[in-house]
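The file protein_3.tsv contains TSV, C-alpha atoms:
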chain	number	residue	atom	x	y	z
Z	1	MET	CA	7.57	12.51	-12.11
Z	2	GLN	CA	9.25	15.78	-11.30
Z	3	LEU	CA	7.61	18.04	-8.70
Z	4	VAL	CA	7.16	20.80	-11.27
Z	5	GLU	CA	5.35	18.34	-13.58
Z	6	PHE	CA	3.13	17.18	-10.73
Z	7	ASN	CA	2.25	20.76	-9.84
Z	8	GLN	CA	1.42	21.60	-13.47
Z	9	ALA	CA	-0.37	18.36	-14.38
Z	10	SER	CA	-4.09	18.38	-14.98
Z	11	PHE	CA	-6.19	17.38	-12.01
Z	12	GLU	CA	-7.03	14.06	-13.71
Z	13	ASP	CA	-3.36	13.29	-14.44
Z	14	ALA	CA	-2.39	14.10	-10.85
Z	15	ILE	CA	-5.13	11.76	-9.57
Z	16	THR	CA	-3.96	8.99	-11.90
Z	17	PHE	CA	-0.38	9.43	-10.70
Z	18	LEU	CA	-1.43	9.31	-7.03
Z	19	LYS	CA	-3.79	6.34	-7.35
Z	20	HIS	CA	-0.82	4.18	-8.33
Z	21	CYS	CA	0.45	4.72	-4.78
Z	22	VAL	CA	-2.79	3.67	-3.11
Z	23	GLN	CA	-6.32	3.33	-4.40
Z	24	ILE	CA	-8.04	5.61	-1.93
Z	25	PRO	CA	-9.78	8.38	-3.92
Z	26	SER	CA	-10.07	10.86	-1.05
Z	27	TRP	CA	-6.31	10.69	-0.48
Z	28	SER	CA	-5.51	11.38	-4.12
Z	29	THR	CA	-8.06	14.17	-4.33
Z	30	GLN	CA	-6.90	15.99	-1.19
Z	31	ILE	CA	-3.26	15.87	-2.27
Z	32	ALA	CA	-4.07	17.00	-5.81
Z	33	VAL	CA	-6.26	19.95	-4.78
Z	34	LYS	CA	-3.55	21.38	-2.52
Z	35	ARG	CA	-1.11	21.87	-5.40
Z	36	PRO	CA	1.21	23.60	-6.04
Z	37	TYR	CA	3.76	22.32	-3.54
Z	38	THR	CA	7.11	23.95	-2.87
Z	39	SER	CA	8.95	20.67	-2.15
Z	40	VAL	CA	8.58	16.92	-2.31
Z	41	GLU	CA	8.62	16.92	1.50
Z	42	ASP	CA	5.54	19.19	1.48
Z	43	VAL	CA	3.74	16.65	-0.73
Z	44	LEU	CA	4.78	13.81	1.59
Z	45	ASP	CA	3.64	15.77	4.66
Z	46	THR	CA	0.22	16.32	3.09
Z	47	ALA	CA	0.10	12.66	2.08
Z	48	ARG	CA	0.88	11.58	5.69
Z	49	GLN	CA	-1.81	13.87	7.07
Z	50	GLN	CA	-4.38	12.58	4.58
Z	51	ALA	CA	-3.47	8.95	5.27
Z	52	ALA	CA	-4.28	9.53	8.93
Z	53	THR	CA	-7.89	10.36	7.95
Z	54	TRP	CA	-8.62	7.12	6.08
Z	55	THR	CA	-11.73	5.27	7.16
Z	56	TRP	CA	-11.81	1.52	7.49
Z	57	ASP	CA	-14.17	1.30	4.50
Z	58	GLU	CA	-11.61	3.16	2.35
Z	59	ILE	CA	-8.81	0.91	3.58
Z	60	LYS	CA	-10.85	-2.24	2.97
Z	61	ALA	CA	-11.66	-1.12	-0.59
Z	62	ALA	CA	-7.95	-0.50	-1.24
Z	63	LEU	CA	-7.08	-3.95	0.15
Z	64	ASP	CA	-9.47	-5.50	-2.36
Z	65	ASN	CA	-7.21	-4.13	-5.13
Z	66	HIS	CA	-3.92	-5.07	-3.49
Z	67	PRO	CA	-1.96	-8.25	-4.27
Z	68	ARG	CA	-1.53	-10.85	-1.57
Z	69	ILE	CA	1.98	-11.02	-0.23
Z	70	GLY	CA	3.89	-13.54	-2.31
Z	71	GLU	CA	1.24	-13.46	-5.04
Z	72	LYS	CA	2.17	-12.25	-8.48
Z	73	LYS	CA	-1.23	-10.79	-9.37
Z	74	ALA	CA	-3.97	-9.04	-7.46
Z	75	GLN	CA	-7.63	-9.96	-7.30
Z	76	VAL	CA	-8.31	-7.01	-9.57
Z	77	GLU	CA	-6.03	-6.10	-12.47
Z	78	LEU	CA	-3.26	-3.72	-11.44
Z	79	SER	CA	-1.79	-1.00	-13.62
Z	80	GLU	CA	1.74	-1.52	-14.94
Z	81	VAL	CA	3.02	1.02	-12.41
Z	82	GLU	CA	1.34	-0.84	-9.53
Z	83	LYS	CA	2.72	-4.18	-10.78
Z	84	THR	CA	6.21	-2.66	-10.84
Z	85	PHE	CA	5.77	-1.33	-7.28
Z	86	SER	CA	4.53	-4.70	-6.04
Z	87	SER	CA	7.35	-6.64	-7.71
Z	88	ARG	CA	9.99	-4.27	-6.36
Z	89	GLU	CA	8.53	-4.31	-2.84
Z	90	GLN	CA	8.36	-8.10	-2.73
Z	91	SER	CA	11.73	-8.70	-4.42
Z	92	ALA	CA	13.38	-10.20	-1.31
Z	93	ILE	CA	10.60	-12.76	-0.83
Z	94	ASP	CA	11.88	-16.17	-1.87
Z	95	PRO	CA	10.00	-17.74	-4.75
Z	96	ASP	CA	10.81	-21.27	-3.55
Z	97	LYS	CA	7.95	-23.71	-3.22
Z	98	ALA	CA	8.13	-24.07	0.59
Z	99	SER	CA	8.02	-20.30	1.13
Z	100	GLN	CA	5.16	-19.88	-1.32
Z	101	GLN	CA	3.18	-22.64	0.38
Z	102	ALA	CA	3.80	-21.19	3.85
Z	103	LEU	CA	2.70	-17.74	2.64
Z	104	LEU	CA	-0.38	-19.21	0.99
Z	105	ASN	CA	-1.34	-21.09	4.15
Z	106	GLY	CA	-0.72	-18.00	6.29
Z	107	ASN	CA	-2.72	-15.80	3.91
Z	108	ILE	CA	-5.65	-18.24	4.02
Z	109	ALA	CA	-5.62	-18.35	7.83
Z	110	TYR	CA	-5.37	-14.56	8.02
Z	111	GLU	CA	-8.19	-13.96	5.55
Z	112	LYS	CA	-10.37	-16.49	7.34
Z	113	LYS	CA	-9.80	-14.77	10.69
Z	114	TYR	CA	-10.01	-11.11	9.60
Z	115	GLY	CA	-11.92	-11.13	6.31
Z	116	TYR	CA	-9.29	-9.30	4.24
Z	117	ILE	CA	-5.79	-9.90	2.90
Z	118	PHE	CA	-2.64	-9.80	5.01
Z	119	LEU	CA	-0.86	-6.54	4.24
Z	120	ILE	CA	2.69	-5.67	5.17
Z	121	LYS	CA	5.19	-3.16	3.87
Z	122	ALA	CA	7.38	-5.87	2.37
Z	123	ALA	CA	10.14	-3.64	1.00
Z	124	GLY	CA	13.42	-4.96	2.40
Z	125	LEU	CA	11.86	-7.98	4.10
Z	126	ASN	CA	12.64	-11.59	3.24
Z	127	SER	CA	10.22	-14.52	3.37
Z	128	GLU	CA	11.16	-15.49	6.92
Z	129	GLN	CA	10.54	-11.97	8.23
Z	130	VAL	CA	7.18	-11.76	6.44
Z	131	LEU	CA	6.12	-15.18	7.74
Z	132	GLN	CA	7.18	-14.26	11.28
Z	133	ALA	CA	5.13	-11.04	11.11
Z	134	LEU	CA	2.16	-12.95	9.68
Z	135	LYS	CA	2.24	-15.49	12.53
Z	136	TYR	CA	2.59	-12.73	15.12
Z	137	ARG	CA	-0.27	-10.70	13.67
Z	138	LEU	CA	-2.61	-13.69	13.58
Z	139	ALA	CA	-2.70	-13.39	17.39
Z	140	ASN	CA	-4.05	-9.81	17.26
Z	141	ASP	CA	-7.61	-8.86	18.04
Z	142	PRO	CA	-9.51	-7.39	15.05
Z	143	GLU	CA	-9.25	-3.73	16.15
Z	144	THR	CA	-5.51	-3.95	16.75
Z	145	GLU	CA	-5.05	-5.55	13.36
Z	146	LYS	CA	-7.07	-2.83	11.63
Z	147	ARG	CA	-4.77	-0.20	13.14
Z	148	ILE	CA	-1.70	-2.12	11.96
Z	149	VAL	CA	-3.12	-2.51	8.46
Z	150	HIS	CA	-3.86	1.23	8.34
Z	151	THR	CA	-0.26	1.99	9.28
Z	152	GLN	CA	1.16	-0.54	6.81
Z	153	LEU	CA	-0.97	0.74	3.92
Z	154	ALA	CA	0.02	4.33	4.68
Z	155	GLU	CA	3.70	3.37	4.77
Z	156	ILE	CA	3.36	1.59	1.40
Z	157	ALA	CA	1.62	4.61	-0.16
Z	158	LEU	CA	4.23	7.03	1.18
Z	159	LEU	CA	7.10	4.82	0.04
Z	160	ARG	CA	5.65	4.63	-3.46
Z	161	LEU	CA	5.04	8.37	-3.59
Z	162	SER	CA	8.57	9.13	-2.38
Z	163	GLN	CA	10.03	6.80	-5.00
Z	164	GLU	CA	8.08	8.32	-7.87
Z	165	LEU	CA	8.14	12.04	-7.10
Z	166	GLN	CA	11.42	13.90	-7.52
Z	167	ALA	CA	12.40	17.46	-6.70
Spell out the structure here as structure tokens.
Amino acid sequence: MQLVEFNQASFEDAITFLKHCVQIPSWSTQIAVKRPYTSVEDVLDTARQQAATWTWDEIKAALDNHPRIGEKKAQVELSEVEKTFSSREQSAIDPDKASQQALLNGNIAYEKKYGYIFLIKAAGLNSEQVLQALKYRLANDPETEKRIVHTQLAEIALLRLSQELQA
């Protein structure tokens, strides 16, 4: 979407566009109400500031709609735009059986320990890098891991927004 289109879109259309980046309603609302923006960087700055305000409950709700790393579908049906984002972001993850099994086992261990899915900004990472991060993060205490998840989710949302919004 072009910046001018985003600025002129109805509130509902702007919210729909933003929710494809991350399903946190307060984030979408706060970005949409501050329109019009003079540049894409202004939108991204607002998005960064809003991401810093997310509560753990908002993050947890968004995780419930996010696909597991290495998984082709989420627990809840994703939009076509979100499916495209997810496929593109996980494109370097090997689909071979050993990698898939290792990711599945790691995801199960992670979910058992923390109570939510393992989330990582996978864009540009291969299976080995994701598995290494997963093993490393399994050693974190719950509060440290929540902070990392917050950062990772914000980075994913900002990446998606930057890819979809043009000057």
Handout entry: range 29-43 of chain Z environment, 9 Å, only C-alpha atoms, sequence neighbours closer than 3 positions dropped, as a list of chain:residue names
Key =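 With the cut-off at 9 Å, the set is Z:Leu3, Z:Val4, Z:Phe6, Z:Asn7, Z:Gln8, Z:Phe11, Z:Glu12, Z:Ala14, Z:Ile15, Z:Leu18, Z:Ile24, Z:Pro25, Z:Ser26, Z:Thr46, Z:Ala47, Z:Arg48, Z:Gln50, Z:Leu161, Z:Ser162, Z:Leu165, Z:Gln166, Z:Ala167.
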Practice task
Counting only C-alpha atoms, figure out which residue out of Z:Ala157, Z:Ala133, Z:Leu125, Z:Ile117 gets nearest to Ala61 in chain Z.
Solution key: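 Of the candidates, the smallest distance to Ala61 in chain Z is held by Z:Ile117.
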Completion exercise
Correct to one decimal, the distance CA of Asp96 in chain Z-CA of Lys112 in chain Z is 24.3 Å
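Atom pair CA of Ala9 in chain Z / CA of Glu80 in chain Z: separated by 20.0 Å.
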Handout entry: Atom pair CA of Asn105 in chain Z / CA of Val149 in chain Z: separation (Å)
Key =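 So the two atoms, CA of Asn105 in chain Z and CA of Val149 in chain Z, lie 19.2 Å apart.
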Handout entry: Polymer residues at most 10 Å from Asn140 in chain Z, all atoms listed in the file, same-chain spacing of 6 or more positions, as a ChimeraX atom specification
Key = /Z:114,146,148
Using only C-alpha atoms, can you list as a PDB file with C-alpha atoms, in the frame of the given file the residues within 10 Å of (-11.7, 4.5, -0.2)?
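Result file out-v7.pdb:
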ATOM      1  CA  VAL Z  22      -2.790   3.670  -3.110  1.00  0.00           C
ATOM      2  CA  GLN Z  23      -6.320   3.330  -4.400  1.00  0.00           C
ATOM      3  CA  ILE Z  24      -8.040   5.610  -1.930  1.00  0.00           C
ATOM      4  CA  PRO Z  25      -9.780   8.380  -3.920  1.00  0.00           C
ATOM      5  CA  SER Z  26     -10.070  10.860  -1.050  1.00  0.00           C
ATOM      6  CA  TRP Z  27      -6.310  10.690  -0.480  1.00  0.00           C
ATOM      7  CA  TRP Z  54      -8.620   7.120   6.080  1.00  0.00           C
ATOM      8  CA  THR Z  55     -11.730   5.270   7.160  1.00  0.00           C
ATOM      9  CA  TRP Z  56     -11.810   1.520   7.490  1.00  0.00           C
ATOM     10  CA  ASP Z  57     -14.170   1.300   4.500  1.00  0.00           C
ATOM     11  CA  GLU Z  58     -11.610   3.160   2.350  1.00  0.00           C
ATOM     12  CA  ILE Z  59      -8.810   0.910   3.580  1.00  0.00           C
ATOM     13  CA  LYS Z  60     -10.850  -2.240   2.970  1.00  0.00           C
ATOM     14  CA  ALA Z  61     -11.660  -1.120  -0.590  1.00  0.00           C
ATOM     15  CA  ALA Z  62      -7.950  -0.500  -1.240  1.00  0.00           C
ATOM     16  CA  LEU Z  63      -7.080  -3.950   0.150  1.00  0.00           C
TER      17      LEU Z  63
END
Handout entry: Of the listed residues Z:Val130, Z:His150, Z:Met1, Z:His66, that which approaches Asp13 in chain Z most closely, counting all atoms listed in the file
Key =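 Residue with the minimum atom-to-atom distance to Asp13 in chain Z: Z:Met1.
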Practice task
Do a neighbour search on Leu134 in chain Z at 12 Å with only C-alpha atoms, toss out local chain neighbours closer than 3 positions, and write the hits as a list in words.
Solution key: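 Everything that qualifies: Ile69, Ala102, Leu103, Leu104, Asn105, Gly106, Asn107, Ile108, Ala109, Tyr110, Glu111, Ile117, Phe118, Leu119, Ile120, Lys121, Ala122, Ser127, Glu128, Gln129, Val130, Leu131, Arg137, Leu138, Ala139, Asn140, Glu145, Ile148 and Val149 of chain Z.
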Exercise for the section: Determine the nearest neighbour of Gly124 in chain Z from the options Z:Leu44, Z:Gln101, Z:Leu159, Z:Asp141, counting only C-alpha atoms. Expected result: Z:Leu159
